[in-house]
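**Student:** Contents are compact mmCIF, C-alpha atoms; file name input-v4.txt:
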```txt
# COMPACT_ATOMS: atom_id res chain seq x y z
CA MET K 1 7.45 145.73 49.32
CA ALA K 2 9.64 146.94 46.45
CA ILE K 3 8.65 150.19 44.74
CA PRO K 4 9.64 150.42 41.05
CA ASP K 5 12.30 153.05 40.45
CA ALA K 6 10.06 154.76 37.90
CA ARG K 7 7.61 155.62 40.68
CA CYS K 8 10.20 157.00 43.08
CA VAL K 9 11.17 160.66 43.24
CA GLU K 10 14.76 160.64 44.40
CA LEU K 11 15.85 162.96 47.17
CA PRO K 12 19.38 164.22 46.47
CA ARG K 13 21.84 162.59 48.85
CA ARG K 14 24.01 164.86 50.95
CA GLU K 15 26.96 163.03 52.39
CA SER K 16 28.63 164.54 55.43
CA SER K 17 32.23 163.76 56.23
CA ALA K 18 32.93 161.99 59.50
CA PRO K 19 34.28 164.44 62.12
CA SER K 20 37.71 163.84 63.60
CA GLY K 21 36.50 164.15 67.20
CA GLY K 22 33.53 164.44 69.50
CA VAL K 23 31.44 167.51 70.35
CA GLY K 24 33.98 168.84 72.84
CA ASP K 25 36.89 168.52 70.41
CA LEU K 26 34.96 170.18 67.60
CA ILE K 27 34.01 173.11 69.82
CA ARG K 28 37.56 173.57 71.08
CA SER K 29 38.84 173.63 67.52
CA ALA K 30 36.12 176.10 66.46
CA LEU K 31 37.00 178.45 69.31
CA GLU K 32 40.65 178.43 68.24
CA LYS K 33 39.69 179.22 64.64
CA PRO K 34 36.43 181.21 64.61
CA TYR K 35 34.82 182.41 61.41
CA ARG K 36 36.72 185.51 60.24
CA PHE K 37 37.91 186.22 63.77
CA GLU K 38 40.83 185.50 66.05
CA PRO K 39 40.75 182.91 68.85
CA LEU K 40 38.07 183.86 71.34
CA ARG K 41 40.47 184.23 74.30
CA ARG K 42 42.11 187.22 72.59
CA ALA K 43 38.85 189.15 72.88
CA LEU K 44 38.60 188.51 76.63
CA THR K 45 40.24 189.84 79.77
CA PRO K 46 40.44 188.14 83.19
CA GLU K 47 38.10 190.80 84.62
CA ASP K 48 35.25 189.98 82.21
CA LYS K 49 31.96 188.63 83.47
CA VAL K 50 30.64 186.12 80.95
CA ALA K 51 27.09 184.94 80.30
CA LEU K 52 27.00 181.46 78.78
CA VAL K 53 23.73 180.68 77.00
CA VAL K 54 23.23 176.99 76.24
CA ASP K 55 20.55 175.48 74.00
CA GLU K 56 19.44 172.29 75.74
CA THR K 57 18.94 170.52 72.41
CA VAL K 58 22.70 170.61 71.76
CA PRO K 59 23.99 167.02 71.81
CA GLU K 60 25.99 166.39 74.98
CA ALA K 61 25.19 169.85 76.32
CA ALA K 62 27.40 169.42 79.39
CA VAL K 63 30.37 168.44 77.22
CA ALA K 64 29.73 171.41 74.92
CA ALA K 65 29.52 173.86 77.83
CA SER K 66 32.64 172.38 79.42
CA ALA K 67 34.60 172.89 76.21
CA VAL K 68 33.62 176.56 76.13
CA MET K 69 34.47 177.03 79.81
CA ASP K 70 37.84 175.39 79.21
CA HIS K 71 38.55 178.08 76.64
CA LEU K 72 37.30 180.85 78.92
CA ALA K 73 39.57 179.56 81.69
CA SER K 74 42.52 179.72 79.29
CA ALA K 75 41.83 183.47 79.03
CA GLY K 76 42.19 183.78 82.81
CA ILE K 77 38.47 184.12 83.52
CA PRO K 78 37.53 182.63 86.92
CA ILE K 79 34.76 180.03 86.86
CA GLY K 80 32.85 182.14 89.39
CA ALA K 81 32.65 184.93 86.79
CA ILE K 82 30.67 182.71 84.42
CA THR K 83 26.87 182.54 84.61
CA ILE K 84 25.11 179.75 82.74
CA LEU K 85 21.79 181.15 81.52
CA LEU K 86 18.86 178.82 80.87
CA PRO K 87 15.58 179.77 79.12
CA ALA K 88 12.42 180.25 81.15
CA GLY K 89 10.91 176.94 82.19
CA SER K 90 14.13 175.03 81.61
CA ARG K 91 14.98 172.24 84.04
CA GLY K 92 18.67 172.35 83.20
CA ASP K 93 19.18 168.68 84.00
CA TRP K 94 22.38 168.62 81.98
CA VAL K 95 24.08 171.07 84.38
CA ALA K 96 24.46 168.25 86.92
CA ASN K 97 26.72 166.48 84.40
CA LEU K 98 29.31 169.27 84.35
CA PRO K 99 32.77 168.31 85.68
CA ASP K 100 33.45 169.11 89.34
CA GLU K 101 35.86 171.92 88.46
CA TYR K 102 32.92 173.91 87.07
CA ALA K 103 30.72 173.51 90.13
CA ASP K 104 31.35 177.18 91.05
CA ALA K 105 29.79 178.44 87.82
CA GLN K 106 26.57 180.27 88.56
CA THR K 107 23.35 179.00 86.99
CA GLU K 108 20.32 181.18 86.34
CA VAL K 109 16.95 180.27 84.87
CA HIS K 110 15.48 183.23 83.02
CA ASP K 111 12.47 184.87 84.65
CA ALA K 112 10.44 186.60 81.94
CA ILE K 113 7.91 188.04 84.39
CA ASP K 114 9.98 189.69 87.12
CA ARG K 115 10.79 193.18 85.81
CA LYS K 116 13.70 193.45 88.24
CA ARG K 117 15.38 190.57 86.40
CA LEU K 118 15.11 192.44 83.08
CA ALA K 119 17.10 195.35 81.68
CA TYR K 120 16.47 197.76 78.81
CA LEU K 121 18.76 197.10 75.85
CA ALA K 122 17.67 199.50 73.10
CA SER K 123 14.78 200.34 70.77
CA THR K 124 14.40 198.88 67.30
CA LEU K 125 13.70 200.86 64.13
CA SER K 126 10.02 200.05 64.62
CA GLU K 127 10.30 201.61 68.10
CA ARG K 128 9.98 198.33 69.96
CA ARG K 129 11.59 198.74 73.36
CA VAL K 130 13.72 195.66 73.90
CA TYR K 131 14.09 194.25 77.39
CA LEU K 132 16.35 191.28 77.98
CA ASN K 133 17.58 189.23 80.90
CA ARG K 134 19.54 191.57 83.19
CA THR K 135 22.50 189.20 83.56
CA LEU K 136 22.69 188.94 79.77
CA VAL K 137 22.65 192.71 79.25
CA GLU K 138 25.07 193.54 82.06
CA SER K 139 27.65 190.86 81.19
CA ASP K 140 30.90 191.97 79.59
CA PHE K 141 30.75 189.13 77.09
CA VAL K 142 28.11 186.66 75.92
CA VAL K 143 28.73 183.21 74.44
CA ALA K 144 25.73 181.33 73.03
CA ILE K 145 25.88 177.61 72.15
CA GLY K 146 23.07 176.40 69.88
CA ARG K 147 22.14 173.51 67.61
CA ARG K 148 21.22 174.68 64.13
CA ARG K 149 17.74 173.44 63.20
CA PHE K 150 14.37 174.54 61.86
CA ASP K 151 11.86 175.57 64.51
CA ALA K 152 8.09 175.93 64.66
CA ASP K 153 8.22 179.32 66.40
CA ALA K 154 11.51 180.90 65.35
CA GLY K 155 11.69 179.67 61.74
CA VAL K 156 15.31 178.70 62.21
CA ALA K 157 17.01 178.11 65.54
CA GLY K 158 20.48 177.80 66.94
CA GLY K 159 21.58 181.35 66.22
CA GLU K 160 19.86 184.68 66.72
CA ASP K 161 16.94 183.13 68.61
CA LEU K 162 19.26 182.07 71.44
CA LEU K 163 19.19 185.66 72.71
CA PHE K 164 15.92 187.15 71.46
CA PRO K 165 13.07 186.69 72.07
CA ARG K 166 13.99 183.73 74.28
CA PHE K 167 15.50 185.94 77.00
CA SER K 168 13.07 188.83 76.69
CA ASP K 169 10.00 189.72 78.74
CA ALA K 170 6.92 187.50 78.82
CA GLU K 171 4.84 189.81 76.61
CA THR K 172 7.49 189.87 73.88
CA ILE K 173 8.02 186.12 74.03
CA ASP K 174 4.26 185.63 73.68
CA SER K 175 4.07 188.02 70.72
CA PHE K 176 6.57 185.90 68.77
CA ARG K 177 4.65 182.67 69.29
CA GLY K 178 2.44 181.71 66.40
CA ARG K 179 4.16 183.71 63.68
CA PHE K 180 4.76 180.38 61.98
CA ARG K 181 7.95 181.31 60.18
CA TYR K 182 8.68 177.61 59.92
CA LYS K 183 7.00 177.86 56.52
CA GLU K 184 9.75 180.27 55.49
CA ALA K 185 12.59 178.56 57.37
CA SER K 186 14.60 181.76 57.54
CA PRO K 187 15.61 184.08 60.38
CA SER K 188 13.21 186.81 61.47
CA PRO K 189 14.39 190.33 60.55
CA ASP K 190 13.20 191.53 63.98
CA VAL K 191 15.40 189.02 65.75
CA SER K 192 18.41 189.81 63.58
CA GLU K 193 18.01 193.51 64.35
CA VAL K 194 18.04 192.92 68.10
CA VAL K 195 21.21 190.83 67.81
CA ALA K 196 22.82 193.74 65.93
CA LEU K 197 21.77 196.10 68.71
CA PHE K 198 23.24 193.78 71.28
CA GLY K 199 26.79 194.36 70.09
CA SER K 200 29.15 191.45 69.59
CA PRO K 201 27.83 188.26 71.18
CA PHE K 202 29.81 185.17 70.27
CA PHE K 203 27.96 182.20 68.77
CA VAL K 204 28.89 178.53 68.76
CA GLN K 205 26.73 176.83 66.12
CA VAL K 206 26.53 173.04 66.31
CA ILE K 207 25.50 171.27 63.10
CA ASP K 208 24.48 167.61 63.02
CA ASP K 209 23.33 165.27 60.26
CA GLY K 210 20.66 163.52 62.31
CA THR K 211 22.97 160.92 63.82
CA ARG K 212 26.09 162.81 64.89
CA VAL K 213 27.59 166.29 65.12
CA VAL K 214 29.51 166.90 61.91
CA GLU K 215 30.62 170.50 62.28
CA VAL K 216 30.84 173.41 64.71
CA LEU K 217 31.13 177.00 63.52
CA ALA K 218 32.06 179.71 66.02
CA GLY K 219 32.18 183.45 65.58
CA LEU K 220 30.60 186.86 65.96
CA PRO K 221 27.15 187.65 64.45
CA ASN K 222 28.67 187.72 60.96
CA SER K 223 29.05 183.93 61.30
CA LEU K 224 25.30 183.32 61.60
CA VAL K 225 24.55 183.47 57.88
CA GLU K 226 27.43 181.10 57.18
CA GLY K 227 26.20 178.73 59.89
CA LEU K 228 22.75 178.67 58.33
CA ARG K 229 24.27 178.06 54.89
CA ARG K 230 26.24 175.07 56.15
CA HIS K 231 23.18 173.70 57.90
CA ASP K 232 21.11 174.12 54.74
CA ARG K 233 23.74 172.28 52.75
CA LEU K 234 22.73 169.18 54.71
CA TRP K 235 19.03 169.78 55.22
CA ARG K 236 17.60 171.75 52.27
CA HIS K 237 16.80 170.04 48.98
CA ARG K 238 15.26 171.05 45.66
CA LEU K 239 13.25 168.69 43.47
CA PRO K 240 12.28 169.14 39.81
CA GLU K 241 8.71 167.94 40.43
CA ARG K 242 6.18 167.37 43.16
CA PRO K 243 5.26 163.78 43.95
CA ASP K 244 1.63 162.95 44.60
CA THR K 245 2.64 160.85 47.63
CA VAL K 246 5.19 161.50 50.38
CA VAL K 247 6.19 158.87 52.92
CA ALA K 248 7.83 160.70 55.81
CA THR K 249 9.61 159.62 58.97
CA VAL K 250 10.65 161.67 62.00
CA SER K 251 12.92 161.08 64.98
CA PRO K 252 12.70 157.71 66.76
CA ASP K 253 11.19 159.30 69.88
CA PRO K 254 9.26 162.33 68.60
CA ASP K 255 7.08 164.82 70.39
CA PHE K 256 4.09 166.44 68.73
CA THR K 257 6.13 169.44 67.59
CA GLU K 258 8.48 167.16 65.63
CA LEU K 259 5.49 165.28 64.25
CA ALA K 260 3.94 168.57 63.07
CA ALA K 261 7.25 169.70 61.59
CA GLY K 262 7.53 166.45 59.64
CA ALA K 263 3.99 166.84 58.36
CA VAL K 264 4.59 170.44 57.27
CA ASN K 265 7.80 169.63 55.44
CA ALA K 266 6.10 166.73 53.68
CA ALA K 267 3.22 169.04 52.74
CA ARG K 268 5.69 171.53 51.29
CA ALA K 269 6.97 168.82 48.96
CA VAL K 270 3.75 167.05 47.92
CA ALA K 271 1.44 168.06 45.08
CA LYS K 272 -1.69 169.89 46.19
CA GLY K 273 -4.37 167.35 46.99
CA GLY K 274 -1.74 164.62 47.34
CA ARG K 275 -1.17 162.18 50.18
CA ILE K 276 1.22 162.09 53.13
CA ALA K 277 1.99 158.99 55.17
CA LEU K 278 3.68 160.02 58.40
CA LEU K 279 5.41 156.98 59.88
CA ALA K 280 6.10 157.51 63.57
CA PRO K 281 5.79 155.69 66.88
CA PRO K 282 2.96 156.67 69.25
CA VAL K 283 3.16 160.30 70.36
CA ALA K 284 1.74 161.72 73.60
CA LEU K 285 -1.26 163.88 72.70
CA GLU K 286 -0.99 166.32 75.58
CA GLY K 287 -1.30 170.08 75.77
CA GLU K 288 -3.99 172.71 75.44
CA GLY K 289 -3.53 173.16 71.70
CA ILE K 290 -3.74 169.44 71.00
CA ALA K 291 -6.94 169.29 73.07
CA ILE K 292 -8.35 172.05 70.86
CA LEU K 293 -7.37 170.12 67.73
CA ARG K 294 -9.01 166.95 68.99
CA GLY K 295 -12.21 168.74 69.97
CA ALA K 296 -12.71 170.80 66.81
CA GLU K 297 -15.09 169.78 64.04
CA ASP K 298 -12.65 170.64 61.26
CA PRO K 299 -9.27 172.33 60.69
CA ALA K 300 -10.85 175.74 60.03
CA GLU K 301 -12.58 175.71 63.40
CA ALA K 302 -9.40 174.50 65.07
CA ARG K 303 -7.41 177.41 63.60
CA LYS K 304 -9.91 179.94 64.96
CA LEU K 305 -9.94 178.37 68.41
CA LEU K 306 -6.14 178.16 68.51
CA THR K 307 -5.77 181.81 67.54
CA ALA K 308 -8.19 182.85 70.27
CA ALA K 309 -6.62 180.67 72.99
CA ARG K 310 -2.92 181.13 72.10
CA PRO K 311 -1.77 178.00 73.97
CA ASP K 312 1.89 177.18 74.50
CA ASP K 313 1.74 174.59 71.70
CA TRP K 314 -0.02 176.99 69.35
CA ALA K 315 2.64 177.02 66.63
CA ALA K 316 2.85 173.24 66.21
CA CYS K 317 -0.94 172.83 66.26
CA HIS K 318 -1.47 175.68 63.80
CA LEU K 319 1.06 174.10 61.44
CA TRP K 320 -0.81 170.82 61.74
CA THR K 321 -4.02 172.42 60.49
CA ALA K 322 -2.09 173.96 57.59
CA VAL K 323 -1.10 170.49 56.39
CA THR K 324 -4.71 169.40 56.06
CA ARG K 325 -5.37 172.27 53.63
CA ARG K 326 -2.88 170.88 51.14
CA ALA K 327 -2.89 167.10 51.45
CA ARG K 328 -4.59 164.02 52.87
CA LEU K 329 -2.75 162.87 55.95
CA TYR K 330 -2.24 159.25 57.06
CA LEU K 331 -0.69 158.33 60.41
CA THR K 332 0.86 155.29 62.04
CA GLY K 333 1.08 154.97 65.81
CA LEU K 334 -2.50 156.11 66.47
CA ASP K 335 -5.80 154.27 66.43
CA GLU K 336 -8.59 155.31 64.08
CA ASP K 337 -10.38 157.53 66.59
CA ARG K 338 -7.31 159.53 67.60
CA ALA K 339 -6.12 159.86 64.01
CA GLU K 340 -9.56 161.16 63.00
CA GLU K 341 -9.42 163.70 65.84
CA LEU K 342 -6.26 165.01 64.18
CA PHE K 343 -8.02 165.17 60.76
CA ALA K 344 -6.08 162.16 59.51
CA THR K 345 -6.54 158.50 58.60
CA ALA K 346 -4.88 155.73 60.59
CA LEU K 347 -2.51 153.22 59.01
CA ASN K 348 -2.89 150.36 61.44
CA ASN K 349 -0.66 147.66 59.99
CA VAL K 350 1.84 146.72 57.29
CA GLY K 351 -0.92 145.56 54.95
CA GLU K 352 -2.62 148.96 55.03
CA LEU K 353 0.69 150.68 54.37
CA GLU K 354 1.39 148.40 51.40
CA ARG K 355 -2.03 149.15 49.91
CA PHE K 356 -1.36 152.85 50.48
CA LEU K 357 1.90 152.61 48.51
CA GLU K 358 0.38 150.52 45.73
CA SER K 359 -2.27 153.15 45.02
CA GLY K 360 0.17 156.02 44.60
CA ASP K 361 1.82 157.29 41.45
CA ARG K 362 5.05 159.20 42.12
CA ILE K 363 6.41 158.64 45.66
CA LEU K 364 8.99 160.58 47.66
CA PHE K 365 10.51 158.92 50.73
CA LEU K 366 11.44 161.70 53.16
CA PRO K 367 13.56 160.61 56.15
CA ASN K 368 14.05 163.02 59.05
CA ALA K 369 11.10 164.97 57.72
CA HIS K 370 10.97 167.11 60.87
CA ARG K 371 14.29 168.64 59.80
CA THR K 372 14.34 168.39 56.00
CA ILE K 373 13.19 171.35 53.91
CA VAL K 374 12.19 170.45 50.36
CA ARG K 375 11.49 172.97 47.63
CA THR K 376 10.33 172.29 44.08
CA GLU K 377 10.67 174.27 40.88
CA ASP K 378 7.00 175.27 40.85
CA ALA K 379 5.48 177.41 43.59
CA THR K 380 2.03 175.79 43.77
```
Represent the supplied structure as structure tokens.
**Tutor:**
Amino acid sequence: MAIPDARCVELPRRESSAPSGGVGDLIRSALEKPYRFEPLRRALTPEDKVALVVDETVPEAAVAASAVMDHLASAGIPIGAITILLPAGSRGDWVANLPDEYADAQTEVHDAIDRKRLAYLASTLSERRVYLNRTLVESDFVVAIGRRRFDADAGVAGGEDLLFPRFSDAETIDSFRGRFRYKEASPSPDVSEVVALFGSPFFVQVIDDGTRVVEVLAGLPNSLVEGLRRHDRLWRHRLPERPDTVVATVSPDPDFTELAAGAVNAARAVAKGGRIALLAPPVALEGEGIAILRGAEDPAEARKLLTAARPDDWAACHLWTAVTRRARLYLTGLDEDRAEELFATALNNVGELERFLESGDRILFLPNAHRTIVRTEDAT
């Protein structure tokens, strides 16, 4: 159905220029011209042991890692001196796609429980003793490849979070879960402080527009703020008014975390007491936190139970309950019973969606809602 222009709140369009090459080419170029720094190879010696941290959400992760290892090899660093570090619980499936010439690179999955695999880095101003992966701490140089994005636990990801708390001890990792900085969408001061204590890790920040990688920014920690600014240029928007209805979409194959992120970003944009239609395919409702949501009588009870249980999916589920405090939530992809268990109303067919749109006043269509941050002039 056609919605009259007078009823539509327009989201400012941000056009991104088409890149001149693929992920590998963009990374190679960024390493030759880092942000306010010389080519990376000039900071290395053939005797250096390098830890390569790779965010698995980076598009074509094997290609990205290969491009970095190409550059390291040009500095005379043997492949055997490179250790690819993966976060705890990572399967690292992409490693099998590395070219044969990098088969000698060591691969290590972080163990957050074994104290022998951890090393003391330093203490923060708040006297937190920071322990990180031993290989990470004892390496001569660290290169971290991440995809810039907003994150339910870290607030923003693809930068500082690649090192801490991701590669810390289990207790520290657990303490950072559920801080829900996604509502702020800005880096944690605690995390930034640890990166400063670490010295001079080198970051490769991959920025995409939802369909393709459009830019890669490489550099020392002073490049992180610039990387976030360039990411925000694509994904942050400001509106003069709040619509009473938001129609939001997420990725074509979302998980519950992306669904919750889309709901939260829509809730940030909509007027209090307004309506959100979250258009998404069926999502697997698995995990301890989701079970708590589905079994609770209301969002307030769910929040209490989630806080007490602290499940792995705590952050996403907590954010979900926050949405229900601001707006009425409507969902596609779920039947009435499952939608009700998530404190929402099901939109079962096109006719119901059309009636939903007809009854609204001012409507905002929010594509890629799981990644798009919308602010309005008022703070209510």
**Student:** Show which residues sit within 8 Å of stretch 65-80 of chain K, as a ChimeraX atom specification. Count all atoms listed in the file, and ignore same-chain residues fewer than 6 positions away.
**Tutor:** /K:24-25,27-28,31,40-42,44-49,54,98-99,102,104-106,145
**Student:** May I ask for the distance between atom CA of K:Ile363 and atom CA of K:Pro243, given in Å to one decimal place?
**Tutor:**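 Spanning atom CA of K:Ile363 to atom CA of K:Pro243 is a straight-line distance of 5.5 Å.
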**Student:** Give the answer as one residue: which of K:Ala322, K:Ala315, K:Ala144, K:Leu132 has the shortest atom-to-atom distance to K:Glu258, using only C-alpha atoms?
**Tutor:** K:Ala315
**Student:** So that I can see what lies close to K:Pro165, please list as a VMD selection string the residues with an atom at most 12 Å from it, counting all atoms listed in the file and leaving out residues fewer than 2 positions away in the same chain.
**Tutor:** chain K and resid 87 to 88 110 112 130 to 133 153 to 154 157 159 to 163 167 to 177 188 190 to 195
**Student:** Using only C-alpha atoms for the distances, tell me which of K:Ala81, K:Ile3, K:Val53, K:Ala64 is nearest to K:Val142.
**Tutor:** K:Val53
